[in-house]
$ cat query_25.pdb   # PDB, C-alpha atoms
ATOM      1  CA  MET A   1      16.931 -22.173-183.416
ATOM      2  CA  LYS A   2      15.366 -25.033-181.439
ATOM      3  CA  ILE A   3      12.125 -23.078-180.946
ATOM      4  CA  ARG A   4      11.928 -22.405-184.681
ATOM      5  CA  ASP A   5      12.404 -26.118-185.468
ATOM      6  CA  GLU A   6       9.673 -27.047-182.994
ATOM      7  CA  GLU A   7       7.300 -24.487-184.498
ATOM      8  CA  GLU A   8       8.000 -25.768-188.012
ATOM      9  CA  ALA A   9       7.396 -29.361-186.891
ATOM     10  CA  LYS A  10       4.128 -28.326-185.231
ATOM     11  CA  ALA A  11       3.030 -26.502-188.398
ATOM     12  CA  ALA A  12       3.915 -29.552-190.494
ATOM     13  CA  ARG A  13       1.830 -31.808-188.242
ATOM     14  CA  GLU A  14      -1.117 -29.400-188.505
ATOM     15  CA  ARG A  15      -0.853 -29.323-192.308
ATOM     16  CA  LYS A  16      -0.760 -33.110-192.430
ATOM     17  CA  ARG A  17      -3.844 -33.336-190.187
ATOM     18  CA  ARG A  18      -5.747 -30.870-192.378
ATOM     19  CA  TYR A  19      -4.688 -32.637-195.584
ATOM     20  CA  LYS A  20      -6.000 -35.939-194.220
ATOM     21  CA  GLY A  21      -9.352 -34.314-193.456
ATOM     22  CA  ALA A  22      -9.496 -32.700-196.875
ATOM     23  CA  ALA A  23      -8.528 -35.992-198.511
ATOM     24  CA  GLN A  24     -11.606 -37.671-197.048
ATOM     25  CA  ILE A  25     -13.801 -34.868-198.402
ATOM     26  CA  ALA A  26     -12.138 -35.202-201.816
ATOM     27  CA  ILE A  27     -12.660 -38.982-201.828
ATOM     28  CA  ASN A  28     -16.340 -38.548-200.998
ATOM     29  CA  LYS A  29     -16.735 -35.984-203.789
ATOM     30  CA  LEU A  30     -14.990 -38.264-206.276
ATOM     31  CA  ILE A  31     -17.295 -41.137-205.340
ATOM     32  CA  ASP A  32     -20.343 -38.844-205.711
ATOM     33  CA  LEU A  33     -19.175 -37.929-209.229
ATOM     34  CA  ILE A  34     -19.664 -41.536-210.347
ATOM     35  CA  ASP A  35     -23.425 -40.839-210.402
ATOM     36  CA  SER A  36     -23.027 -37.522-212.205
ATOM     37  CA  ASP A  37     -25.393 -36.677-215.063
ATOM     38  CA  ASP A  38     -22.297 -35.488-216.906
ATOM     39  CA  ASP A  39     -20.939 -38.651-218.545
ATOM     40  CA  LYS A  40     -17.454 -37.168-218.931
ATOM     41  CA  ALA A  41     -17.256 -36.352-215.223
ATOM     42  CA  ALA A  42     -18.585 -39.799-214.276
ATOM     43  CA  LEU A  43     -16.084 -41.532-216.574
ATOM     44  CA  ALA A  44     -13.197 -39.450-215.243
ATOM     45  CA  ALA A  45     -14.220 -40.284-211.659
ATOM     46  CA  CYS A  46     -14.439 -43.994-212.468
ATOM     47  CA  LYS A  47     -11.010 -43.979-214.129
ATOM     48  CA  ASP A  48      -9.425 -42.070-211.258
ATOM     49  CA  ILE A  49     -10.868 -44.404-208.638
ATOM     50  CA  LEU A  50      -9.751 -47.497-210.556
ATOM     51  CA  ASN A  51      -6.268 -46.034-211.067
ATOM     52  CA  ARG A  52      -5.926 -45.244-207.377
ATOM     53  CA  ALA A  53      -7.183 -48.724-206.470
ATOM     54  CA  GLY A  54      -4.286 -50.214-208.431
ATOM     55  CA  ASP A  55      -6.175 -51.153-211.589
ATOM     56  CA  LYS A  56      -4.397 -48.655-213.804
ATOM     57  CA  PRO A  57      -3.813 -49.972-217.320
ATOM     58  CA  SER A  58      -0.218 -50.550-218.308
ATOM     59  CA  ASP A  59       1.586 -47.810-220.191
ATOM     60  CA  LYS A  60       3.871 -50.382-221.783
ATOM     61  CA  LEU A  61       3.263 -52.253-224.985
ATOM     62  CA  SER A  62       5.003 -55.553-225.635
ATOM     63  CA  LEU A  63       5.575 -56.594-229.212
ATOM     64  CA  SER A  64       7.148 -59.735-230.519
ATOM     65  CA  GLY A  65       7.631 -61.232-233.924
ATOM     66  CA  SER A  66      10.025 -61.273-236.786
ATOM     67  CA  VAL A  67      10.724 -59.116-239.787
ATOM     68  CA  GLU A  68      11.615 -60.634-243.104
ATOM     69  CA  THR A  69      13.789 -58.641-245.443
ATOM     70  CA  THR A  70      13.577 -58.808-249.178
ATOM     71  CA  GLY A  71      16.476 -60.008-251.264
ATOM     72  CA  LYS A  72      16.852 -56.487-252.635
ATOM     73  CA  LEU A  73      17.532 -55.074-249.181
ATOM     74  CA  ASP A  74      19.995 -57.861-248.457
ATOM     75  CA  ASP A  75      21.837 -57.019-251.712
ATOM     76  CA  ILE A  76      22.044 -53.335-250.767
ATOM     77  CA  LEU A  77      23.369 -54.139-247.306
ATOM     78  CA  ARG A  78      25.914 -56.549-248.761
ATOM     79  CA  GLN A  79      27.105 -53.906-251.235
ATOM     80  CA  LEU A  80      27.464 -51.347-248.458
ATOM     81  CA  SER A  81      29.527 -53.723-246.366
ATOM     82  CA  ASP A  82      31.700 -54.702-249.360
ATOM     83  CA  ASN A  83      32.487 -51.039-250.068
ATOM     84  CA  GLU A  84      34.062 -50.544-246.663
TER      85      GLU A  84
END
$ encode --input "query_25.pdb" --output "structure tokens"
Amino acid sequence: MKIRDEEEAKAARERKRRYKGAAQIAINKLIDLIDSDDDKAALAACKDILNRAGDKPSDKLSLSGSVETTGKLDDILRQLSDNE
């Protein structure tokens, strides 16, 4: 059991080492895509780099204000509450 755990830990370390190496290759490729003749690929690369750098646009939308009701709606609501 102990040998198996050690082998799994060693394999995990090797995977992590290889992922780090591949990540650097991927980063270089992404940066190269900025100068692509394909505008869609260049735009996607720019967006991805900005997102990963922490400049991702917010997914939330904040709205504020007030809503005025018409007298007709107020009458309907009053009637509904009176019927109860």
$ atom_distance --input "query_25.pdb" --atom1 "CA of Leu33 in chain A" --atom2 "CA of Asp48 in chain A"
10.8 Å
$ axis_aligned_box --input "query_25.pdb" --around "range 36-48 of chain A" --padding-each-side "6 Å" --output "JSON"
{"center_x": -17.4, "center_y": -39.7, "center_z": -215.1, "size_x": 28.0, "size_y": 20.5, "size_z": 19.7}
$ residues_around --input "query_25.pdb" --residues "Leu50 in chain A" --least-positions-apart "5" --cutoff "12 Å" --atoms "only C-alpha atoms" --output "list of chain:residue names"
A:Leu30, A:Ile31, A:Ile34, A:Leu43, A:Ala44, A:Ala45, A:Asp55, A:Lys56, A:Pro57
$ atom_distance --input "query_25.pdb" --atom1 "CA of Ile49 in chain A" --atom2 "CA of Ala26 in chain A"
11.5 Å
$ atom_distance --input "query_25.pdb" --atom1 "CA of Lys47 in chain A" --atom2 "CA of Asn28 in chain A"
15.2 Å
